[in-house]
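Data block below; observations after.
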Amino acid sequence: MYAFDIPRTTPGPAGIASIRDQVVWEIFQPEDLPATQRGLWLISAKSSTNNVNCSRLEEGFFTVEPWMGGPGSFKPC
């Protein structure tokens with residue numbers, strides 16, 4: 001979770017944004033693979049966001065989305 005110092009015009013968590021990553025790795029038994037393929041294998045990865053400017057995230061920037069409404073106004077990327 002990241003805090004941003006921004007003006008708040010409405011109540012709520014306007015200055016808070018978060019990114020959650022879940023990454024699953026697998027390590028196979030050494031005898032199951034040739035030496036050149038041993039190590040970590042990426043099995044799956046997923047992320048979720050809250051209160052993040054999605055268009056800027058796609059460009060590699062993590063910025064808070066200005067909060068414009070009440071409950072349900074936060075849309076994940």
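The way I read the labels, and the way they are meant: chains A, B, ... in the order of the structure tokens, residue 1 as the first residue of every chain, and ligand 1 as the first ligand shown, with later ones counted on from there.
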For A:Ala45, find every residue with an atom within 8 Å (counting only C-alpha atoms), except residues of its own chain fewer than 4 positions away, and show them as a list in words. Asp21, Gln22, Val23 and Val24 of chain A
A:Arg38 surroundings by only C-alpha atoms, 12 Å radius, close-in-sequence under 6 positions cut, as number ranges by chain: A: 26-32
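All residues of protein, DNA or RNA that reach within 8 Å of A:Phe62, judged by only C-alpha atoms and not counting those fewer than 4 positions away in the chain, are Val52, Asn53, Arg56 and Leu57 of chain A.
Interatomic distance, atom CA of A:Pro34 against atom CA of A:Lys46: 28.6 Å.
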Sel. of helix (DSSP H, G or I) residues, stretch 13-67 of chain A, as a PyMOL selection string: chain A and resi 30-32+35-37+54-58
